[in-house]
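Shown next: final-v3.pdb, given as PDB, C-alpha atoms, pLDDT in the B column.
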ATOM      1  CA  MET A 276     -71.007 -23.787 -40.085  1.00 50.00           C
ATOM      2  CA  ASN A 277     -70.827 -24.181 -36.341  1.00 75.00           C
ATOM      3  CA  ARG A 278     -74.086 -24.122 -34.423  1.00 83.00           C
ATOM      4  CA  TYR A 279     -75.265 -24.334 -30.812  1.00 88.00           C
ATOM      5  CA  HIS A 280     -78.853 -24.905 -29.727  1.00 93.00           C
ATOM      6  CA  GLY A 281     -79.635 -25.294 -26.041  1.00 94.00           C
ATOM      7  CA  SER A 282     -80.230 -23.390 -22.853  1.00 96.00           C
ATOM      8  CA  ALA A 283     -78.160 -20.350 -21.909  1.00 95.00           C
ATOM      9  CA  THR A 284     -78.059 -17.371 -19.576  1.00 96.00           C
ATOM     10  CA  ILE A 285     -77.319 -13.740 -20.424  1.00 96.00           C
ATOM     11  CA  SER A 286     -76.209 -11.417 -17.617  1.00 96.00           C
ATOM     12  CA  GLN A 287     -76.173  -7.659 -17.980  1.00 96.00           C
ATOM     13  CA  GLY A 288     -75.520  -5.759 -14.768  1.00 93.00           C
ATOM     14  CA  ALA A 289     -78.098  -7.033 -12.243  1.00 93.00           C
ATOM     15  CA  ALA A 290     -80.366  -8.345 -15.033  1.00 93.00           C
ATOM     16  CA  VAL A 291     -80.227 -12.077 -15.792  1.00 94.00           C
ATOM     17  CA  VAL A 292     -82.307 -13.866 -18.433  1.00 94.00           C
ATOM     18  CA  GLU A 293     -82.384 -17.573 -19.165  1.00 95.00           C
ATOM     19  CA  GLY A 294     -83.924 -19.408 -22.070  1.00 96.00           C
ATOM     20  CA  ASP A 295     -83.552 -21.278 -25.343  1.00 96.00           C
ATOM     21  CA  CYS A 296     -80.468 -20.122 -27.262  1.00 95.00           C
ATOM     22  CA  ILE A 297     -79.330 -20.552 -30.878  1.00 93.00           C
ATOM     23  CA  ILE A 298     -75.849 -19.447 -32.015  1.00 90.00           C
ATOM     24  CA  GLU A 299     -74.446 -19.754 -35.534  1.00 86.00           C
ATOM     25  CA  THR A 300     -71.254 -18.616 -37.220  1.00 78.00           C
ATOM     26  CA  VAL A 301     -71.799 -15.833 -39.734  1.00 72.00           C
ATOM     27  CA  GLY A 302     -70.657 -16.064 -43.371  1.00 64.00           C
ATOM     28  CA  GLY A 303     -67.737 -18.141 -44.566  1.00 57.00           C
ATOM     29  CA  PRO A 304     -64.645 -19.107 -42.653  1.00 57.00           C
ATOM     30  CA  ALA A 305     -63.171 -16.047 -40.970  1.00 52.00           C
ATOM     31  CA  PRO A 306     -59.409 -15.563 -40.805  1.00 54.00           C
ATOM     32  CA  GLY A 307     -57.884 -16.280 -37.438  1.00 57.00           C
ATOM     33  CA  PRO A 308     -59.128 -18.382 -34.530  1.00 57.00           C
ATOM     34  CA  ASP A 309     -62.297 -16.381 -33.715  1.00 59.00           C
ATOM     35  CA  PRO A 310     -65.038 -16.574 -36.354  1.00 63.00           C
ATOM     36  CA  ALA A 311     -67.842 -14.019 -36.259  1.00 73.00           C
ATOM     37  CA  TRP A 312     -71.108 -15.359 -34.875  1.00 82.00           C
ATOM     38  CA  SER A 313     -74.574 -14.219 -33.951  1.00 89.00           C
ATOM     39  CA  GLY A 314     -77.392 -15.662 -31.931  1.00 93.00           C
ATOM     40  CA  ASN A 315     -80.623 -15.168 -30.123  1.00 95.00           C
ATOM     41  CA  LEU A 316     -82.074 -16.164 -26.793  1.00 95.00           C
ATOM     42  CA  GLU A 317     -85.779 -16.474 -26.101  1.00 95.00           C
ATOM     43  CA  ASP A 318     -86.890 -16.295 -22.464  1.00 93.00           C
ATOM     44  CA  PRO A 319     -90.253 -18.137 -22.220  1.00 91.00           C
ATOM     45  CA  SER A 320     -91.379 -16.078 -19.213  1.00 88.00           C
ATOM     46  CA  PRO A 321     -89.635 -12.702 -19.408  1.00 88.00           C
ATOM     47  CA  MET A 322     -89.358 -10.902 -16.082  1.00 89.00           C
ATOM     48  CA  VAL A 323     -86.415  -8.655 -16.972  1.00 89.00           C
ATOM     49  CA  ASP A 324     -85.606  -6.667 -20.116  1.00 90.00           C
ATOM     50  CA  LEU A 325     -82.055  -6.345 -21.404  1.00 94.00           C
ATOM     51  CA  VAL A 326     -80.799  -3.300 -23.322  1.00 94.00           C
ATOM     52  CA  GLU A 327     -78.437  -2.906 -26.251  1.00 95.00           C
ATOM     53  CA  GLY A 328     -74.805  -3.048 -25.169  1.00 95.00           C
ATOM     54  CA  GLY A 329     -72.302  -5.360 -23.533  1.00 95.00           C
ATOM     55  CA  ALA A 330     -73.390  -8.488 -21.649  1.00 95.00           C
ATOM     56  CA  TRP A 331     -72.115 -11.923 -20.592  1.00 94.00           C
ATOM     57  CA  LEU A 332     -73.308 -15.199 -22.157  1.00 94.00           C
ATOM     58  CA  ARG A 333     -73.041 -18.567 -20.394  1.00 94.00           C
ATOM     59  CA  LEU A 334     -74.072 -21.764 -22.181  1.00 93.00           C
ATOM     60  CA  ALA A 335     -75.523 -24.740 -20.318  1.00 93.00           C
ATOM     61  CA  ASP A 336     -72.296 -26.698 -20.831  1.00 90.00           C
ATOM     62  CA  GLY A 337     -70.249 -24.015 -19.026  1.00 91.00           C
ATOM     63  CA  ARG A 338     -68.755 -22.172 -22.010  1.00 89.00           C
ATOM     64  CA  GLU A 339     -69.020 -18.413 -21.589  1.00 89.00           C
ATOM     65  CA  CYS A 340     -67.888 -15.155 -23.167  1.00 88.00           C
ATOM     66  CA  GLU A 341     -68.663 -11.479 -23.527  1.00 91.00           C
ATOM     67  CA  ILE A 342     -71.318 -10.585 -26.118  1.00 93.00           C
ATOM     68  CA  GLN A 343     -72.933  -7.498 -27.609  1.00 94.00           C
ATOM     69  CA  VAL A 344     -76.724  -7.278 -27.289  1.00 96.00           C
ATOM     70  CA  GLU A 345     -77.802  -5.942 -30.688  1.00 95.00           C
ATOM     71  CA  ARG A 346     -81.569  -5.964 -30.150  1.00 94.00           C
ATOM     72  CA  ALA A 347     -83.727  -6.651 -27.113  1.00 93.00           C
ATOM     73  CA  VAL A 348     -87.481  -6.442 -27.576  1.00 88.00           C
ATOM     74  CA  ALA A 349     -88.962  -5.207 -24.286  1.00 88.00           C
ATOM     75  CA  GLY A 350     -91.540  -7.570 -22.805  1.00 90.00           C
ATOM     76  CA  SER A 351     -91.059 -10.221 -25.513  1.00 92.00           C
ATOM     77  CA  GLY A 352     -88.195 -12.207 -23.995  1.00 92.00           C
ATOM     78  CA  LEU A 353     -86.340 -12.064 -27.339  1.00 94.00           C
ATOM     79  CA  THR A 354     -82.690 -10.973 -27.314  1.00 95.00           C
ATOM     80  CA  GLU A 355     -80.454 -10.909 -30.396  1.00 95.00           C
ATOM     81  CA  PHE A 356     -76.693 -10.711 -29.888  1.00 94.00           C
ATOM     82  CA  SER A 357     -73.349 -10.923 -31.653  1.00 91.00           C
ATOM     83  CA  GLY A 358     -69.722 -11.420 -30.823  1.00 81.00           C
ATOM     84  CA  ALA A 359     -66.430 -12.691 -32.146  1.00 57.00           C
ATOM     85  CA  LYS A 360     -64.939 -14.678 -29.307  1.00 64.00           C
ATOM     86  CA  GLY A 361     -65.154 -18.131 -30.912  1.00 66.00           C
ATOM     87  CA  ILE A 362     -67.447 -19.527 -28.210  1.00 68.00           C
ATOM     88  CA  LEU A 363     -68.509 -22.400 -30.463  1.00 61.00           C
ATOM     89  CA  ASP A 364     -64.898 -23.575 -30.663  1.00 59.00           C
ATOM     90  CA  LEU A 365     -64.299 -23.650 -26.888  1.00 47.00           C
ATOM     91  CA  HIS A 366     -64.273 -27.015 -25.160  1.00 41.00           C
TER      92      HIS A 366
END
As structure tokens, please, write out the structure in this file.
Amino acid sequence: MNRYHGSATISQGAAVVEGDCIIETVGGPAPGPDPAWSGNLEDPSPMVDLVEGGAWLRLADGRECEIQVERAVAGSGLTEFSGAKGILDLH
């Protein structure tokens, strides 16, 4: 299982949130170069709420890709997302 834990930023339109991010691959090895993965980001001082839909994820080390916000709890700073772009395999 691949895993990332560190800071990250999610951008969605004019909204930008930054916080502690955890990403993990989902299930067993997926066929092809892009395993499925899911993650969450917790903004310690939420000022902006994201909504379900497309967004852009950028990790602290510069890796980035498009994601799908699956759940964003208004006012909590918690955002759950998924994608299949193989971000954990990028260098």
Gly314 (chain A) proximity check over A:Ala283, A:Val326, A:Ala349, A:Ala289, using only C-alpha atoms: winner is A:Ala283
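The interatomic distance for the pair CA of Trp331 (chain A) and CA of Ser286 (chain A) works out to 5.1 Å.
Residues matched by the PyMOL selection byres ((chain A and resi 346) around 10) in this structure: Asn315, Leu325, Val326, Glu327, Gly328, Gln343, Val344, Glu345, Ala347, Val348, Ala349, Leu353, Thr354, Glu355, Phe356 and Ser357 of chain A.
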- Using the chain letters and numbers from the file, which residues does the PyMOL selection byres ((chain A and resi 300) around 6) grab, as a ChimeraX atom specification? /A:276-277,299,301,311-312
In Å and to one decimal, CA of Asp324 (chain A) is distant from CA of Arg338 (chain A) by 23.0 Å
**Q.** Contacts of region 278-282 of chain A within 8 Å, only C-alpha atoms, excl. fewer than 3 positions in-chain, as JSON, numbers by chain
**A.** {"A": [293, 294, 295, 296, 297, 298, 299, 300, 334, 335, 363]}
Could you please take those selected residues and save C-alpha atoms as a compact mmCIF listing (two decimals), keeping the file's coordinate frame?
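Generated output (selection_21.txt):
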# COMPACT_ATOMS: atom_id res chain seq x y z
CA GLU A 293 -82.38 -17.57 -19.16
CA GLY A 294 -83.92 -19.41 -22.07
CA ASP A 295 -83.55 -21.28 -25.34
CA CYS A 296 -80.47 -20.12 -27.26
CA ILE A 297 -79.33 -20.55 -30.88
CA ILE A 298 -75.85 -19.45 -32.02
CA GLU A 299 -74.45 -19.75 -35.53
CA THR A 300 -71.25 -18.62 -37.22
CA LEU A 334 -74.07 -21.76 -22.18
CA ALA A 335 -75.52 -24.74 -20.32
CA LEU A 363 -68.51 -22.40 -30.46
Draw an axis-aligned box over all listed atoms of region 321-327 of chain A, pad each side with 8 Å, and write its centre and edge lengths in Å, one decimal, as lines of an AutoDock Vina configuration file.
center_x = -84.0
center_y = -7.8
center_z = -21.2
size_x = 27.2
size_y = 25.8
size_z = 26.2
note - CA of Arg333 (chain A) and CA of Ala290 (chain A) are separated by 13.7 Å
Counting all atoms listed in the file, the residue among A:Pro319, A:Ser313, A:Val291, A:Ala330 that lies closest to Ser351 (chain A) is A:Pro319
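Of the residues under consideration (A:Val292, A:Ile285, A:Gly337, A:Gly358), A:Val292 shows the shortest atom-to-atom contact distance to Met322 (chain A) when counting only C-alpha atoms.
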